[in-house]
Structure formats: structure tokens, C-alpha cells
file work27.pdb (PDB, C-alpha atoms)
ATOM      1  CA  ASN A   4     103.241 130.567 171.350  1.00  0.00           C
ATOM      2  CA  PHE A   5     103.859 133.881 172.979  1.00  0.00           C
ATOM      3  CA  LYS A   6     101.936 136.959 171.993  1.00  0.00           C
ATOM      4  CA  LYS A   7     103.796 139.420 169.786  1.00  0.00           C
ATOM      5  CA  GLY A   8     105.453 141.976 172.020  1.00  0.00           C
ATOM      6  CA  ALA A   9     105.171 139.795 175.139  1.00  0.00           C
ATOM      7  CA  ARG A  10     107.887 140.492 177.683  1.00  0.00           C
ATOM      8  CA  MET A  11     110.267 137.580 177.977  1.00  0.00           C
ATOM      9  CA  ASP A  12     112.096 139.025 180.978  1.00  0.00           C
ATOM     10  CA  VAL A  13     109.100 138.819 183.330  1.00  0.00           C
ATOM     11  CA  ILE A  14     107.551 135.723 184.876  1.00  0.00           C
ATOM     12  CA  TYR A  15     104.347 135.751 186.852  1.00  0.00           C
ATOM     13  CA  LEU A  16     103.449 134.366 190.252  1.00  0.00           C
ATOM     14  CA  TYR A  17     100.163 132.495 190.711  1.00  0.00           C
ATOM     15  CA  GLY A  18      98.504 131.134 193.817  1.00  0.00           C
ATOM     16  CA  ILE A  19      95.492 128.950 194.445  1.00  0.00           C
ATOM     17  CA  PHE A  20      93.230 130.655 196.948  1.00  0.00           C
ATOM     18  CA  ASP A  21      91.039 128.556 199.229  1.00  0.00           C
ATOM     19  CA  LYS A  22      87.987 130.745 199.821  1.00  0.00           C
ATOM     20  CA  LYS A  23      86.770 128.633 202.736  1.00  0.00           C
ATOM     21  CA  SER A  24      90.014 128.754 204.744  1.00  0.00           C
ATOM     22  CA  GLY A  25      91.052 132.208 203.545  1.00  0.00           C
ATOM     23  CA  TYR A  26      94.576 131.029 202.664  1.00  0.00           C
ATOM     24  CA  TYR A  27      96.685 130.512 199.553  1.00  0.00           C
ATOM     25  CA  ASP A  28      98.311 127.201 198.661  1.00  0.00           C
ATOM     26  CA  ASN A  29     101.950 127.058 197.517  1.00  0.00           C
ATOM     27  CA  PRO A  30     102.494 129.589 194.737  1.00  0.00           C
ATOM     28  CA  TYR A  31     104.007 128.785 191.361  1.00  0.00           C
ATOM     29  CA  PHE A  32     105.536 130.692 188.472  1.00  0.00           C
ATOM     30  CA  ALA A  33     104.408 130.660 184.836  1.00  0.00           C
ATOM     31  CA  VAL A  34     105.386 132.714 181.800  1.00  0.00           C
ATOM     32  CA  THR A  35     101.792 133.284 180.660  1.00  0.00           C
ATOM     33  CA  ASP A  36      98.271 133.103 182.040  1.00  0.00           C
ATOM     34  CA  ILE A  37      97.526 130.194 179.708  1.00  0.00           C
ATOM     35  CA  TYR A  38     100.322 128.092 181.211  1.00  0.00           C
ATOM     36  CA  ALA A  39      99.121 128.944 184.717  1.00  0.00           C
ATOM     37  CA  LYS A  40      95.533 127.941 183.902  1.00  0.00           C
ATOM     38  CA  ARG A  41      96.697 124.678 182.316  1.00  0.00           C
ATOM     39  CA  ARG A  42      98.698 123.834 185.417  1.00  0.00           C
ATOM     40  CA  TYR A  43      95.621 124.470 187.565  1.00  0.00           C
ATOM     41  CA  LEU A  44      93.550 122.166 185.334  1.00  0.00           C
ATOM     42  CA  ILE A  45      96.209 119.435 185.494  1.00  0.00           C
ATOM     43  CA  MET A  46      96.324 119.669 189.307  1.00  0.00           C
ATOM     44  CA  MET A  47      92.528 119.520 189.362  1.00  0.00           C
ATOM     45  CA  GLU A  48      92.568 116.203 187.494  1.00  0.00           C
ATOM     46  CA  GLU A  49      94.952 114.483 189.930  1.00  0.00           C
ATOM     47  CA  LYS A  50      93.319 111.625 191.829  1.00  0.00           C
ATOM     48  CA  GLY A  51      91.675 112.871 195.032  1.00  0.00           C
ATOM     49  CA  SER A  52      92.479 116.505 194.243  1.00  0.00           C
ATOM     50  CA  PRO A  53      90.695 118.934 196.581  1.00  0.00           C
ATOM     51  CA  LEU A  54      90.536 121.304 193.596  1.00  0.00           C
ATOM     52  CA  LYS A  55      88.058 118.902 192.024  1.00  0.00           C
ATOM     53  CA  LEU A  56      86.337 117.645 195.163  1.00  0.00           C
ATOM     54  CA  PHE A  57      85.646 121.183 196.418  1.00  0.00           C
ATOM     55  CA  LYS A  58      85.898 123.109 193.152  1.00  0.00           C
ATOM     56  CA  ASP A  59      83.558 125.910 194.257  1.00  0.00           C
ATOM     57  CA  GLU A  60      85.952 126.790 197.076  1.00  0.00           C
ATOM     58  CA  PHE A  61      89.086 127.496 194.990  1.00  0.00           C
ATOM     59  CA  GLU A  62      90.287 130.277 192.702  1.00  0.00           C
ATOM     60  CA  LEU A  63      93.457 130.788 190.700  1.00  0.00           C
ATOM     61  CA  HIS A  64      94.942 134.219 191.404  1.00  0.00           C
ATOM     62  CA  LYS A  65      97.693 136.059 189.562  1.00  0.00           C
ATOM     63  CA  CYS A  66      99.586 137.456 192.534  1.00  0.00           C
ATOM     64  CA  GLY A  67     102.509 139.315 191.032  1.00  0.00           C
ATOM     65  CA  SER A  68     105.442 139.428 188.673  1.00  0.00           C
ATOM     66  CA  PHE A  69     109.188 138.918 188.860  1.00  0.00           C
ATOM     67  CA  ASP A  70     111.584 140.641 186.459  1.00  0.00           C
ATOM     68  CA  ILE A  71     114.415 138.183 185.821  1.00  0.00           C
ATOM     69  CA  GLN A  72     116.804 140.946 184.693  1.00  0.00           C
ATOM     70  CA  THR A  73     116.358 143.385 187.550  1.00  0.00           C
ATOM     71  CA  GLY A  74     115.003 141.169 190.330  1.00  0.00           C
ATOM     72  CA  LYS A  75     112.115 143.599 190.783  1.00  0.00           C
ATOM     73  CA  VAL A  76     108.993 142.048 192.291  1.00  0.00           C
ATOM     74  CA  GLU A  77     105.608 143.626 191.702  1.00  0.00           C
ATOM     75  CA  GLN A  78     102.611 142.572 193.768  1.00  0.00           C
ATOM     76  CA  PHE A  79      99.042 142.609 192.508  1.00  0.00           C
ATOM     77  CA  SER A  80      95.969 140.425 192.730  1.00  0.00           C
ATOM     78  CA  GLU A  81      93.756 139.315 189.889  1.00  0.00           C
ATOM     79  CA  VAL A  82      91.350 136.377 189.828  1.00  0.00           C
ATOM     80  CA  MET A  83      92.244 134.338 186.749  1.00  0.00           C
ATOM     81  CA  LEU A  84      89.927 131.370 187.162  1.00  0.00           C
ATOM     82  CA  GLU A  85      87.200 130.294 189.555  1.00  0.00           C
ATOM     83  CA  GLY A  86      86.821 126.582 190.210  1.00  0.00           C
ATOM     84  CA  LYS A  87      83.037 126.897 190.053  1.00  0.00           C
ATOM     85  CA  GLN A  88      83.370 127.916 186.381  1.00  0.00           C
ATOM     86  CA  LEU A  89      84.739 124.489 185.476  1.00  0.00           C
ATOM     87  CA  PRO A  90      82.576 121.516 184.565  1.00  0.00           C
ATOM     88  CA  VAL A  91      82.798 118.329 186.620  1.00  0.00           C
ATOM     89  CA  ASP A  92      83.169 114.959 184.906  1.00  0.00           C
TER      90      ASP A  92
END

call {"tool": "encode", "arguments": {"input": "work27.pdb", "output": "C-alpha cells"}}
result
Amino acid sequence: NFKKGARMDVIYLYGIFDKKSGYYDNPYFAVTDIYAKRRYLIMMEEKGSPLKLFKDEFELHKCGSFDIQTGKVEQFSEVMLEGKQLPVD
């Protein structure tokens, strides 16, 4: 469910930052932070995922927003999740 008053005309851009290499992996869009975090967790559980093997080296960043009505892109950077925060099976 979306929060009351949430903007439905804006989607957000997220990227997985590799702290060791200093680069971002392919970005992806999500409508909420919760969806973005879930996607990160799903990718982490894939067999042989570097997100799990080297979890302390990755972070999920919220990199910007895209307004689907105006096409306006806004850039920002916010750490949403650090791999080291997550338990390992």
C-alpha cells in the first residue's frame, strides 16, 4: 500500500554502490523505498550473488527521482540500506 498523500507521478531511481570499486551497478526504478529494498534483498538471495558474498561492500542508494508527467529528473543521494546491516544465513 502507498502512504496517504504519496505522489503517484514520481518514480525513484536506485543504485547499488560497490564501496570497494567506487562504482554503481545498473540502476533501477521503484515507486517506493520499500519496493527498492525488497528488490535488493531478492537480488541478494540469488545463487552466487556478490551482494551476499561481499555484503559489507555494498549499499543501496536512492539516487534521484523522475516525474512521469513533466519528465523532470532530480538528482540526490541517500543511503537506504547497507549490506553489512543484513544478517547472513

call {"tool": "residues_around", "arguments": {"input": "work27.pdb", "residues": "Pro90 (chain A)", "least_positions_apart": "4", "cutoff": "10 Å", "atoms": "all atoms listed in the file", "output": "list in words"}}
result
Lys55, Lys58 and Gly86 of chain A

call {"tool": "resolve_selection", "arguments": {"input": "work27.pdb", "expression": "the PyMOL selection byres ((chain A and resi 29-41) around 7)", "output": "PyMOL selection string"}}
result
chain A and resi 14-18+27-28+42-45

call {"tool": "atom_distance", "arguments": {"input": "work27.pdb", "atom1": "CA of Asp21 (chain A)", "atom2": "CA of Glu77 (chain A)"}}
result
22.3 Å

call {"tool": "residues_around", "arguments": {"input": "work27.pdb", "residues": "His64 (chain A)", "least_positions_apart": "6", "cutoff": "7 Å", "atoms": "only C-alpha atoms", "output": "ChimeraX atom specification"}}
result
/A:17-20,80-83

call {"tool": "closest_residue", "arguments": {"input": "work27.pdb", "among": "A:Pro53, A:Met47, A:Val13, A:Leu84", "to": "Gln72 (chain A)", "atoms": "only C-alpha atoms"}}
result
A:Val13

call {"tool": "resolve_selection", "arguments": {"input": "work27.pdb", "expression": "the PyMOL selection byres ((chain A and resi 79) around 6)", "output": "PyMOL selection string"}}
result
chain A and resi 66-67+78+80

call {"tool": "residues_around", "arguments": {"input": "work27.pdb", "residues": "Lys87 (chain A)", "least_positions_apart": "2", "cutoff": "8 Å", "atoms": "only C-alpha atoms", "output": "CSV table (one decimal) with C-alpha atoms, in the coordinates of the input"}}
result
chain,number,residue,atom,x,y,z
A,58,LYS,CA,85.9,123.1,193.2
A,59,ASP,CA,83.6,125.9,194.3
A,60,GLU,CA,86.0,126.8,197.1
A,61,PHE,CA,89.1,127.5,195.0
A,85,GLU,CA,87.2,130.3,189.6
A,89,LEU,CA,84.7,124.5,185.5
A,90,PRO,CA,82.6,121.5,184.6

call {"tool": "resolve_selection", "arguments": {"input": "work27.pdb", "expression": "the PyMOL selection byres ((chain A and resi 71) around 9)", "output": "short mmCIF file (atom, residue, chain, number, x, y, z; two decimals) with C-alpha atoms, in the frame of the given file"}}
result
data_model
loop_
_atom_site.label_atom_id
_atom_site.label_comp_id
_atom_site.auth_asym_id
_atom_site.auth_seq_id
_atom_site.Cartn_x
_atom_site.Cartn_y
_atom_site.Cartn_z
CA MET A 11 110.27 137.58 177.98
CA ASP A 12 112.10 139.02 180.98
CA VAL A 13 109.10 138.82 183.33
CA ILE A 14 107.55 135.72 184.88
CA PHE A 69 109.19 138.92 188.86
CA ASP A 70 111.58 140.64 186.46
CA GLN A 72 116.80 140.95 184.69
CA THR A 73 116.36 143.38 187.55
CA GLY A 74 115.00 141.17 190.33
CA LYS A 75 112.12 143.60 190.78
#

call {"tool": "atom_distance", "arguments": {"input": "work27.pdb", "atom1": "CA of Gly51 (chain A)", "atom2": "CA of Tyr26 (chain A)"}}
result
19.9 Å
